[in-house]
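> Just protein_34.csv, nothing more (CSV, C-alpha atoms):
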```csv
chain,number,residue,atom,x,y,z
A,1,MET,CA,106.1,91.9,48.0
A,2,ALA,CA,108.1,92.7,44.9
A,3,LEU,CA,107.4,96.4,45.3
A,4,ALA,CA,107.7,96.5,49.1
A,5,THR,CA,108.5,99.9,50.5
A,6,ALA,CA,108.9,103.4,49.4
A,7,ARG,CA,110.0,106.5,51.3
A,8,VAL,CA,109.3,110.1,50.6
A,9,SER,CA,111.2,112.9,52.4
A,10,MET,CA,109.9,116.4,52.2
A,11,PRO,CA,109.0,119.3,54.6
A,12,LYS,CA,105.6,119.1,56.2
A,13,GLU,CA,105.0,122.9,56.3
A,14,VAL,CA,106.3,125.6,54.0
A,15,GLY,CA,105.5,129.2,53.0
A,16,LYS,CA,103.5,130.1,49.9
A,17,GLY,CA,105.8,130.3,46.9
A,18,ASP,CA,108.6,128.4,48.5
A,19,ILE,CA,110.5,125.9,46.5
A,20,VAL,CA,110.0,122.5,48.0
A,21,GLU,CA,112.6,119.7,47.6
A,22,ILE,CA,111.2,116.2,47.5
A,23,LYS,CA,113.3,113.1,47.7
A,24,THR,CA,112.0,109.6,47.0
A,25,LEU,CA,113.3,106.1,47.3
A,26,ILE,CA,111.6,102.8,46.3
A,27,ARG,CA,112.8,99.3,46.9
A,28,HIS,CA,113.0,97.5,43.6
A,29,ARG,CA,115.6,95.2,42.2
A,30,MET,CA,115.3,96.8,38.7
A,31,GLU,CA,116.1,93.6,36.8
A,32,THR,CA,117.4,94.7,33.5
A,33,GLY,CA,116.3,91.8,31.3
A,34,TYR,CA,119.8,91.5,29.9
A,35,ARG,CA,121.1,89.1,32.5
A,36,VAL,CA,121.1,85.3,32.3
A,37,ASP,CA,120.8,82.8,35.2
A,38,SER,CA,123.3,80.1,36.1
A,39,VAL,CA,122.0,77.8,33.3
A,40,GLY,CA,122.0,80.5,30.7
A,41,LYS,CA,118.3,81.3,30.7
A,42,LYS,CA,117.4,84.9,30.2
A,43,ILE,CA,116.0,86.6,33.4
A,44,ALA,CA,112.9,88.5,32.5
A,45,ARG,CA,113.0,92.3,32.7
A,46,HIS,CA,111.4,93.6,35.9
A,47,ILE,CA,111.8,97.3,36.5
A,48,VAL,CA,109.8,100.2,37.9
A,49,LYS,CA,108.6,101.9,34.7
A,50,LEU,CA,106.8,104.9,35.9
A,51,LEU,CA,106.6,107.4,38.7
A,52,THR,CA,103.9,110.0,38.7
A,53,VAL,CA,103.3,112.6,41.4
A,54,THR,CA,100.2,114.8,41.7
A,55,TYR,CA,99.8,117.8,44.0
A,56,ASP,CA,96.3,118.7,44.9
A,57,GLY,CA,95.0,116.6,42.0
A,58,GLU,CA,97.3,118.1,39.4
A,59,GLU,CA,100.2,116.2,37.9
A,60,ILE,CA,103.5,117.9,38.8
A,61,PHE,CA,106.0,115.2,38.0
A,62,ARG,CA,106.3,112.2,35.7
A,63,MET,CA,109.3,110.0,35.0
A,64,ASP,CA,109.8,107.0,32.7
A,65,PHE,CA,112.5,104.6,33.9
A,66,THR,CA,114.7,102.4,31.7
A,67,GLN,CA,116.9,99.4,32.4
A,68,GLY,CA,119.8,101.7,33.0
A,69,VAL,CA,118.5,102.8,36.4
A,70,ALA,CA,120.2,101.0,39.3
A,71,ALA,CA,118.3,99.0,41.9
A,72,ASN,CA,116.3,100.9,44.6
A,73,PRO,CA,115.9,104.1,42.5
A,74,PHE,CA,116.4,107.4,44.2
A,75,VAL,CA,114.6,110.3,42.6
A,76,ALA,CA,114.6,114.0,43.7
A,77,PHE,CA,112.8,117.0,42.3
A,78,THR,CA,111.4,120.3,43.4
A,79,THR,CA,108.0,122.0,43.1
A,80,VAL,CA,106.6,125.4,44.1
A,81,ALA,CA,104.3,125.5,47.1
A,82,THR,CA,101.0,126.9,46.0
A,83,GLN,CA,98.4,125.7,48.4
A,84,THR,CA,97.8,123.2,51.2
A,85,GLY,CA,97.1,119.8,49.7
A,86,GLU,CA,98.0,116.2,49.2
A,87,LEU,CA,100.9,114.9,47.2
A,88,VAL,CA,100.3,111.5,45.8
A,89,PHE,CA,103.2,109.4,44.6
A,90,VAL,CA,102.6,106.4,42.4
A,91,TRP,CA,105.2,103.9,41.2
A,92,VAL,CA,104.2,101.2,38.7
A,93,ASP,CA,106.4,98.3,37.6
A,94,ASP,CA,106.5,96.0,34.6
A,95,LYS,CA,104.2,93.5,36.3
A,96,GLY,CA,101.6,96.2,36.9
A,97,GLU,CA,102.3,96.3,40.6
A,98,GLU,CA,101.6,99.7,42.1
A,99,VAL,CA,102.9,101.5,45.3
A,100,ARG,CA,101.2,104.6,46.5
A,101,VAL,CA,102.5,107.1,49.1
A,102,VAL,CA,100.4,110.1,50.2
A,103,LYS,CA,101.9,113.1,51.9
A,104,GLU,CA,100.2,116.2,53.2
A,105,LEU,CA,101.8,119.6,52.5
A,106,THR,CA,100.7,122.5,54.6
A,107,VAL,CA,101.3,125.9,53.0
A,108,ALA,CA,101.2,128.7,55.6
B,1,MET,CA,149.9,95.9,62.3
B,2,SER,CA,151.9,99.1,62.4
B,3,VAL,CA,149.1,101.6,61.9
B,4,ALA,CA,146.9,100.0,64.4
B,5,MET,CA,149.6,99.7,67.0
B,6,LYS,CA,150.6,103.3,66.8
B,7,GLN,CA,147.1,104.1,67.8
B,8,THR,CA,147.2,101.8,70.7
B,9,VAL,CA,150.5,103.3,71.9
B,10,SER,CA,149.3,106.9,71.6
B,11,GLY,CA,146.0,106.0,73.3
B,12,ARG,CA,147.9,104.7,76.3
B,13,ALA,CA,150.7,107.1,76.4
B,14,SER,CA,149.5,108.6,79.7
B,15,HIS,CA,149.3,105.3,81.5
B,16,SER,CA,153.1,104.9,82.0
B,17,ALA,CA,154.9,101.7,82.8
B,18,LEU,CA,151.9,99.4,83.2
B,19,ALA,CA,150.6,100.5,79.8
B,20,ALA,CA,153.9,100.0,78.2
B,21,PHE,CA,153.9,96.5,79.4
B,22,PHE,CA,150.5,95.8,78.0
B,23,CYS,CA,151.5,97.3,74.7
B,24,VAL,CA,154.4,94.9,74.4
B,25,ALA,CA,152.1,92.1,75.4
B,26,ALA,CA,149.7,93.2,72.7
B,27,VAL,CA,152.4,93.2,70.1
B,28,VAL,CA,153.4,89.7,71.1
B,29,ALA,CA,149.8,88.4,71.1
B,30,ALA,CA,148.9,90.7,68.2
B,31,GLY,CA,145.9,91.7,70.3
B,32,PRO,CA,143.0,93.9,69.3
B,33,ALA,CA,144.1,97.4,68.4
B,34,SER,CA,141.3,99.0,70.3
B,35,ALA,CA,141.5,97.4,73.7
B,36,GLY,CA,141.8,100.3,76.1
B,37,GLY,CA,142.9,102.8,73.5
B,38,GLU,CA,141.0,105.0,71.0
B,39,PRO,CA,138.1,103.2,69.3
B,40,LEU,CA,139.0,102.0,65.8
B,41,PRO,CA,137.9,104.3,62.9
B,42,SER,CA,134.6,103.2,61.3
B,43,GLY,CA,134.6,101.9,57.8
B,44,THR,CA,132.6,105.1,56.9
B,45,SER,CA,135.7,107.2,57.3
B,46,PHE,CA,137.2,105.5,54.3
B,47,LEU,CA,134.3,106.4,52.0
B,48,THR,CA,134.2,109.4,49.7
B,49,GLN,CA,132.6,112.5,51.0
B,50,SER,CA,129.6,112.1,48.7
B,51,LEU,CA,129.0,108.5,49.9
B,52,GLN,CA,129.3,109.6,53.5
B,53,ALA,CA,126.7,112.3,52.9
B,54,GLN,CA,124.4,109.8,51.2
B,55,GLN,CA,124.8,107.5,54.2
B,56,SER,CA,124.0,110.1,56.8
B,57,ASP,CA,120.9,111.5,55.1
B,58,GLU,CA,117.8,109.4,55.8
B,59,ALA,CA,116.3,110.7,52.6
B,60,THR,CA,119.0,109.4,50.4
B,61,ASN,CA,120.3,106.3,52.2
B,62,PRO,CA,118.7,103.3,50.4
B,63,GLY,CA,119.2,101.2,53.5
B,64,MET,CA,116.4,103.2,55.0
B,65,LEU,CA,114.0,101.2,52.8
B,66,TRP,CA,114.7,98.2,55.0
B,67,ILE,CA,114.3,100.2,58.2
B,68,SER,CA,110.8,101.1,57.0
B,69,GLU,CA,110.1,97.4,56.3
B,70,GLY,CA,111.5,96.4,59.7
B,71,ALA,CA,109.2,99.0,61.4
B,72,LEU,CA,106.2,97.4,59.6
B,73,ILE,CA,107.1,93.8,60.5
B,74,TRP,CA,107.7,94.9,64.1
B,75,GLN,CA,104.0,95.9,64.3
B,76,THR,CA,102.6,92.9,62.4
B,77,PRO,CA,101.2,89.9,64.2
B,78,ASP,CA,102.6,86.6,63.0
B,79,GLY,CA,102.8,82.9,63.9
B,80,ALA,CA,100.5,80.7,66.0
B,81,SER,CA,100.8,83.1,69.0
B,82,GLY,CA,99.1,85.9,67.0
B,83,ALA,CA,101.6,88.3,68.6
B,84,SER,CA,103.8,90.9,67.0
B,85,CYS,CA,107.2,91.9,68.2
B,86,ALA,CA,105.5,95.1,69.5
B,87,THR,CA,103.0,93.0,71.6
B,88,CYS,CA,105.8,92.0,73.9
B,89,HIS,CA,108.4,94.6,73.3
B,90,GLY,CA,106.3,97.8,72.8
B,91,ASP,CA,108.0,100.8,71.2
B,92,ALA,CA,111.3,99.6,69.7
B,93,GLY,CA,112.8,103.1,70.2
B,94,THR,CA,112.7,102.4,74.0
B,95,SER,CA,112.9,98.6,74.3
B,96,MET,CA,115.6,98.0,71.6
B,97,LYS,CA,117.7,101.1,72.3
B,98,GLY,CA,121.3,99.9,72.8
B,99,VAL,CA,120.5,96.3,72.3
B,100,ALA,CA,122.3,95.9,69.0
B,101,ALA,CA,125.4,97.5,70.4
B,102,SER,CA,125.6,94.7,73.0
B,103,TYR,CA,125.5,91.8,70.5
B,104,PRO,CA,126.7,89.1,69.8
B,105,LYS,CA,125.9,87.7,73.3
B,106,VAL,CA,125.8,84.3,74.9
B,107,TYR,CA,122.2,83.2,75.6
B,108,GLY,CA,122.2,82.2,79.3
B,109,LYS,CA,119.7,79.4,79.0
B,110,THR,CA,121.5,77.4,76.4
B,111,GLY,CA,125.1,78.8,76.4
B,112,GLU,CA,124.7,79.4,72.7
B,113,LEU,CA,126.3,82.5,71.1
B,114,LEU,CA,123.6,84.6,69.4
B,115,ASN,CA,124.1,87.5,67.1
B,116,LEU,CA,121.1,89.8,66.5
B,117,GLU,CA,119.8,87.7,63.6
B,118,LYS,CA,119.8,84.6,65.7
B,119,ARG,CA,118.3,86.4,68.7
B,120,ILE,CA,115.4,87.6,66.4
B,121,ASN,CA,114.8,84.1,65.1
B,122,LEU,CA,114.8,82.8,68.6
B,123,CYS,CA,111.9,85.1,69.4
B,124,ARG,CA,110.2,84.0,66.1
B,125,THR,CA,110.3,80.4,67.1
B,126,SER,CA,110.0,80.4,70.9
B,127,GLN,CA,107.8,83.5,71.4
B,128,GLN,CA,105.8,84.0,68.3
B,129,ASN,CA,105.5,80.3,67.3
B,130,ALA,CA,106.4,81.3,63.8
B,131,GLU,CA,108.9,79.9,61.3
B,132,PRO,CA,112.4,81.3,61.6
B,133,TYR,CA,113.4,83.7,58.8
B,134,ALA,CA,116.0,82.4,56.4
B,135,TYR,CA,119.4,84.1,56.9
B,136,GLU,CA,119.9,86.9,54.4
B,137,SER,CA,116.1,87.1,53.6
B,138,ASP,CA,114.7,90.5,53.3
B,139,PRO,CA,112.5,90.3,56.4
B,140,LEU,CA,115.4,89.2,58.6
B,141,LEU,CA,117.7,91.9,57.2
B,142,ALA,CA,114.9,94.4,57.7
B,143,LEU,CA,114.2,93.5,61.3
B,144,THR,CA,118.0,93.3,62.1
B,145,ALA,CA,118.6,96.7,60.6
B,146,PHE,CA,115.5,98.2,62.2
B,147,ILE,CA,116.7,97.0,65.7
B,148,ALA,CA,120.3,98.1,65.0
B,149,ARG,CA,119.0,101.5,64.0
B,150,GLN,CA,117.6,102.0,67.5
B,151,SER,CA,121.2,102.0,68.6
B,152,LEU,CA,122.3,104.6,66.1
B,153,GLY,CA,125.3,106.5,67.5
B,154,GLN,CA,125.6,104.3,70.5
B,155,PRO,CA,129.1,102.8,71.1
B,156,ILE,CA,129.5,99.1,70.6
B,157,ASN,CA,129.8,97.6,74.0
B,158,VAL,CA,130.5,93.9,74.0
B,159,GLN,CA,132.5,92.5,76.9
B,160,ILE,CA,134.2,89.1,77.2
B,161,ASP,CA,133.0,87.0,80.2
B,162,ASP,CA,133.4,83.4,81.3
B,163,ALA,CA,130.5,82.3,79.1
B,164,SER,CA,131.8,84.0,76.0
B,165,ARG,CA,135.6,83.6,76.4
B,166,ALA,CA,135.9,80.4,74.4
B,167,PHE,CA,134.0,81.9,71.5
B,168,TYR,CA,136.1,85.0,71.6
B,169,GLU,CA,139.3,83.1,71.6
B,170,ARG,CA,138.1,81.1,68.6
B,171,GLY,CA,137.2,84.2,66.7
B,172,LYS,CA,140.5,85.9,67.6
B,173,ALA,CA,142.5,82.9,66.4
B,174,MET,CA,140.7,83.0,63.2
B,175,PHE,CA,141.4,86.7,62.7
B,176,TYR,CA,145.1,86.2,63.0
B,177,ARG,CA,145.4,82.8,61.1
B,178,ARG,CA,146.5,82.9,57.5
B,179,GLN,CA,143.8,81.4,55.3
B,180,GLY,CA,143.1,80.4,51.8
B,181,GLN,CA,145.2,80.1,48.6
B,182,LEU,CA,146.4,83.6,49.1
B,183,ASN,CA,147.5,82.7,52.6
B,184,LEU,CA,146.5,86.0,54.2
B,185,SER,CA,145.0,86.6,57.6
B,186,CYS,CA,142.2,89.1,58.3
B,187,ALA,CA,144.8,91.1,60.3
B,188,GLN,CA,147.2,91.4,57.4
B,189,CYS,CA,144.6,93.4,55.6
B,190,HIS,CA,142.5,95.0,58.3
B,191,GLU,CA,145.4,96.0,60.6
B,192,ALA,CA,148.6,96.2,58.6
B,193,LEU,CA,147.1,97.5,55.4
B,194,ALA,CA,144.2,99.6,56.6
B,195,GLY,CA,144.0,102.8,54.6
B,196,LYS,CA,145.7,101.2,51.6
B,197,GLN,CA,144.0,100.5,48.3
B,198,LEU,CA,142.9,97.1,47.2
B,199,ARG,CA,141.7,97.4,43.6
B,200,GLY,CA,139.0,100.0,43.7
B,201,ASP,CA,138.5,99.9,47.4
B,202,THR,CA,140.2,101.3,50.5
B,203,ILE,CA,140.9,98.7,53.2
B,204,SER,CA,139.3,99.6,56.5
B,205,TYR,CA,139.9,98.2,60.0
B,206,GLY,CA,137.1,95.6,59.4
B,207,VAL,CA,134.6,97.0,61.9
B,208,GLY,CA,131.1,95.6,61.8
B,209,ASN,CA,129.3,98.8,63.2
B,210,GLY,CA,127.4,99.5,60.0
B,211,TYR,CA,125.7,96.2,59.3
B,212,PRO,CA,123.4,95.2,57.9
B,213,ALA,CA,124.9,97.5,55.3
B,214,TYR,CA,123.9,98.6,51.8
B,215,ARG,CA,126.7,97.6,49.5
B,216,LEU,CA,126.7,99.2,46.1
B,217,GLU,CA,128.2,96.0,44.6
B,218,TRP,CA,125.3,94.0,46.0
B,219,GLN,CA,122.7,96.6,45.0
B,220,THR,CA,121.0,95.6,48.2
B,221,LEU,CA,121.3,95.4,52.0
B,222,GLY,CA,123.4,92.5,53.3
B,223,SER,CA,124.5,91.1,56.6
B,224,LEU,CA,127.9,91.1,58.2
B,225,HIS,CA,128.2,87.4,57.4
B,226,ARG,CA,127.7,88.1,53.8
B,227,ARG,CA,130.6,90.6,54.0
B,228,LEU,CA,132.7,88.0,55.7
B,229,ARG,CA,132.0,85.5,53.0
B,230,SER,CA,133.3,88.1,50.5
B,231,CYS,CA,136.5,88.4,52.4
B,232,SER,CA,136.9,84.6,52.7
B,233,TYR,CA,136.3,84.3,49.0
B,234,GLY,CA,138.7,87.2,48.3
B,235,VAL,CA,141.6,85.2,49.8
B,236,ARG,CA,140.3,81.9,48.2
B,237,ALA,CA,139.5,80.5,51.6
B,238,ARG,CA,136.5,78.4,52.6
B,239,ARG,CA,133.4,80.4,52.9
B,240,PHE,CA,131.4,79.4,56.0
B,241,GLU,CA,127.7,79.3,56.1
B,242,PHE,CA,125.6,82.3,57.1
B,243,GLY,CA,125.2,82.1,60.9
B,244,SER,CA,127.9,79.4,61.2
B,245,PRO,CA,129.8,79.0,64.5
B,246,GLU,CA,133.0,80.2,62.7
B,247,TYR,CA,131.5,83.5,61.6
B,248,LEU,CA,129.6,84.0,64.9
B,249,SER,CA,132.9,83.7,66.8
B,250,LEU,CA,134.5,86.0,64.4
B,251,GLU,CA,131.6,88.5,64.8
B,252,LEU,CA,132.1,88.4,68.5
B,253,PHE,CA,135.8,89.0,68.2
B,254,LEU,CA,135.2,91.9,65.8
B,255,ALA,CA,132.7,93.5,68.2
B,256,VAL,CA,135.0,93.3,71.2
B,257,ARG,CA,137.8,94.7,69.0
B,258,ALA,CA,135.4,97.5,67.9
B,259,GLN,CA,134.6,98.5,71.5
B,260,GLY,CA,133.4,102.1,71.5
B,261,VAL,CA,132.8,102.5,67.8
B,262,PRO,CA,129.3,104.0,67.3
B,263,VAL,CA,126.6,101.9,65.5
B,264,GLU,CA,125.9,103.3,62.0
B,265,THR,CA,123.4,100.9,60.5
B,266,PRO,CA,122.5,101.0,57.7
B,267,ALA,CA,125.9,102.0,56.4
B,268,ILE,CA,126.7,102.4,52.7
B,269,ARG,CA,129.7,100.5,51.4
B,270,ARG,CA,131.2,100.0,48.0
```
As a first step, turn the structure in this file into C-alpha cells.


Amino acid sequence: MALATARVSMPKEVGKGDIVEIKTLIRHRMETGYRVDSVGKKIARHIVKLLTVTYDGEEIFRMDFTQGVAANPFVAFTTVATQTGELVFVWVDDKGEEVRVVKELTVA
Amino acid sequence: MSVAMKQTVSGRASHSALAAFFCVAAVVAAGPASAGGEPLPSGTSFLTQSLQAQQSDEATNPGMLWISEGALIWQTPDGASGASCATCHGDAGTSMKGVAASYPKVYGKTGELLNLEKRINLCRTSQQNAEPYAYESDPLLALTAFIARQSLGQPINVQIDDASRAFYERGKAMFYRRQGQLNLSCAQCHEALAGKQLRGDTISYGVGNGYPAYRLEWQTLGSLHRRLRSCSYGVRARRFEFGSPEYLSLELFLAVRAQGVPVETPAIRR
C-alpha cells in the first residue's frame, strides 16, 4: 500500500463553457533519493513521477514530478467544461505502482 | 500563567465572590485555565491565514488522505471474526459522532484509561479477533482520525469522575512539574508563554483538539503522543513510549483542560 489513497475535489455539475477547478491530493512519501539511513546507506528514490488526467478520453493535463516535490503532493488545475464525461486521474510512481480515480462531470 | 489567568478572571467576572475565591484557588493550585471560563484558544488560531485556509478546506488538507483511508478500513472485514467495524457500528457518521470528544475515558470493565487509539485496538483484539495495530502506524492513525472527524466542531467534553481522578491528578502534576535538562514545565510554555515565539513557531496553549494532526515538519499525520514526545525532547526530558501511562494521563489532563474547544481533526501544524 505504498500508493494508498488519492482524493479529487471538483464540482459534479457545471454549465457548458464553465471553467472547472480541480484539486487533487495523493498520499505518497516522495522519498528524494538524497537521504541516508541511520547507518549511512542511501535510501532509494521513491516518488510519484507522473500524473495524467483525461477528460472524455482526451488528455487534458500531464505533470512530471521531481524530487523537489514535498510528500503527499497537492496539485490543482483548471479545465473548460465541454461535455458530460469521465475524468480519469492516474498517478504512477517509481516502482510502477498506479493509482486511478474516476470522476463523472455532468455538463448541463 | 498570566495570559491564561486573565482569561479565567474575565470569564468569571460575573460570578462575584465565589468566583473570586476559586480564581485565587486556581492561582495557588495553578489549575487549568479553562475550568469554568472561556474555552482555551485552539492551536489553529496561532497558524498563518494560509495554513488555516488549507486546514479548513477538505480539498487541500493533506490529513484528509488518512480520513479516506480510515473510511475504507471501517468497511473492510478483518480478523478471525470476519467482521468490519461497520458490521457492529454501522454508519460512523451516526455511531461515532461525538465519541472522540469524550476521550480519553476509563474503561469500566478493567479500570484502564483508554484514549481513542487504545479503544480502537481493544475492538481489534476483543471484537474483531485481529492483531492490534502498532501505535503510529498508518492504519491506526487513519482510523483514529476518521473517528475523530465524526466529531468535527463538537466541543471536547471530558469530565473527571471517581474512576478517572487519579489519572487526571497524575497528568496535572506532570503538566506543572519542571522537566528535563532545560528544567521547564509544560505550563511554563503553554500557559505563561502562549502567543510568544519559539524559534520559527508560535507557542499555543497545548490543546489536543486537532490530533491526529498533519505536521509539516513530519510530512505526515501524527498522533498526539508523537507531539508530546517532541515537547519532551525539546526540553531534553525523557520521552515516554507511545501509549504510555504517563502520556495517557497527560492526554486526559489536556482534554479536561480543553473543555469546550471544538474538535478540528485533522489539523495542520508546523

> Enter the distance from CA of Tyr205 (chain B) to CA of Arg229 (chain B), in Å, rounded to one decimal.

16.5 Å

> Calculate how many Å separate CA of Leu25 (chain A) from CA of Val75 (chain A), rounding to one decimal.

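Rounded to one decimal, the two atoms are 6.4 Å apart.
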
> Taking all atoms listed in the file into account, which residues of chain A are within 8 Å of chain B, as a CSV table (one decimal) with C-alpha atoms, in the coordinates of the input?


```
chain,number,residue,atom,x,y,z
A,4,ALA,CA,107.7,96.5,49.1
A,5,THR,CA,108.5,99.9,50.5
A,6,ALA,CA,108.9,103.4,49.4
A,7,ARG,CA,110.0,106.5,51.3
A,8,VAL,CA,109.3,110.1,50.6
A,9,SER,CA,111.2,112.9,52.4
A,23,LYS,CA,113.3,113.1,47.7
A,24,THR,CA,112.0,109.6,47.0
A,25,LEU,CA,113.3,106.1,47.3
A,26,ILE,CA,111.6,102.8,46.3
A,27,ARG,CA,112.8,99.3,46.9
A,29,ARG,CA,115.6,95.2,42.2
A,70,ALA,CA,120.2,101.0,39.3
A,71,ALA,CA,118.3,99.0,41.9
A,72,ASN,CA,116.3,100.9,44.6
A,74,PHE,CA,116.4,107.4,44.2
```

> List the spatial neighbours of region 155-159 of chain B as a list of chain:residue names - criterion: any atom at most 7 Å away, all atoms listed in the file, same-chain residues fewer than 5 positions off excluded.

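What passes the distance filter is B:Ala101, B:Ser102, B:Tyr103, B:Ala255, B:Val256, B:Ala258, B:Gln259, B:Gly260, B:Val261, B:Pro262, B:Val263.
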
> Expressed in Å to a single decimal, how great is the separation between CA of Tyr133 (chain B) and CA of Leu248 (chain B)?

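Answer for the CA of Tyr133 (chain B) to CA of Leu248 (chain B) separation: 17.3 Å.
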
> Can you tell me, as a PDB file with C-alpha atoms, keeping the file's coordinate frame, what residues are no more than 8 Å from Arg215 (chain B) when counting only C-alpha atoms, ignoring any on the same chain fewer than 4 positions away?


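Result went into result01.pdb, see below:
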```
ATOM      1  CA  GLN B 219     122.700  96.600  45.000  1.00  0.00           C
ATOM      2  CA  THR B 220     121.000  95.600  48.200  1.00  0.00           C
ATOM      3  CA  LEU B 221     121.300  95.400  52.000  1.00  0.00           C
ATOM      4  CA  GLY B 222     123.400  92.500  53.300  1.00  0.00           C
ATOM      5  CA  ILE B 268     126.700 102.400  52.700  1.00  0.00           C
ATOM      6  CA  ARG B 269     129.700 100.500  51.400  1.00  0.00           C
ATOM      7  CA  ARG B 270     131.200 100.000  48.000  1.00  0.00           C
TER       8      ARG B 270
END
```

> List the spatial neighbours of Val90 (chain A) as a PDB file with C-alpha atoms, in the coordinates of the input - criterion: any atom at most 9 Å away, all atoms listed in the file, same-chain residues fewer than 6 positions off excluded.


```
ATOM      1  CA  LEU A  50     106.800 104.900  35.900  1.00  0.00           C
ATOM      2  CA  LEU A  51     106.600 107.400  38.700  1.00  0.00           C
ATOM      3  CA  THR A  52     103.900 110.000  38.700  1.00  0.00           C
ATOM      4  CA  VAL A  53     103.300 112.600  41.400  1.00  0.00           C
ATOM      5  CA  THR A  54     100.200 114.800  41.700  1.00  0.00           C
ATOM      6  CA  GLU A  98     101.600  99.700  42.100  1.00  0.00           C
ATOM      7  CA  VAL A  99     102.900 101.500  45.300  1.00  0.00           C
ATOM      8  CA  ARG A 100     101.200 104.600  46.500  1.00  0.00           C
ATOM      9  CA  VAL A 101     102.500 107.100  49.100  1.00  0.00           C
ATOM     10  CA  VAL A 102     100.400 110.100  50.200  1.00  0.00           C
TER      11      VAL A 102
END
```

> Can you list, as a list in words, every protein, DNA or RNA residue that comes within 9 Å of Asn115 (chain B) when you count only C-alpha atoms, leaving out same-chain residues fewer than 2 positions away?

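Once the nearby chain positions are removed, what remains is Ala100, Tyr103, Pro104, Lys105, Val106, Leu113, Glu117, Lys118, Arg119, Ile120, Gly243, Leu248, Glu251 and Leu252 of chain B.
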
> Around (111.0, 98.2, 31.7) in the file's frame, which residues reach within 12 Å when counting all atoms listed in the file? Return as number ranges by chain?

A: 29-34, 44-50, 64-69, 92-96

> If you count all atoms listed in the file, which residues fall within 12 Å of Met96 (chain B), apart from same-chain ones fewer than 6 positions away, as number ranges by chain?

B: 74, 85-86, 88-90, 102-103, 116, 120, 143-152, 154
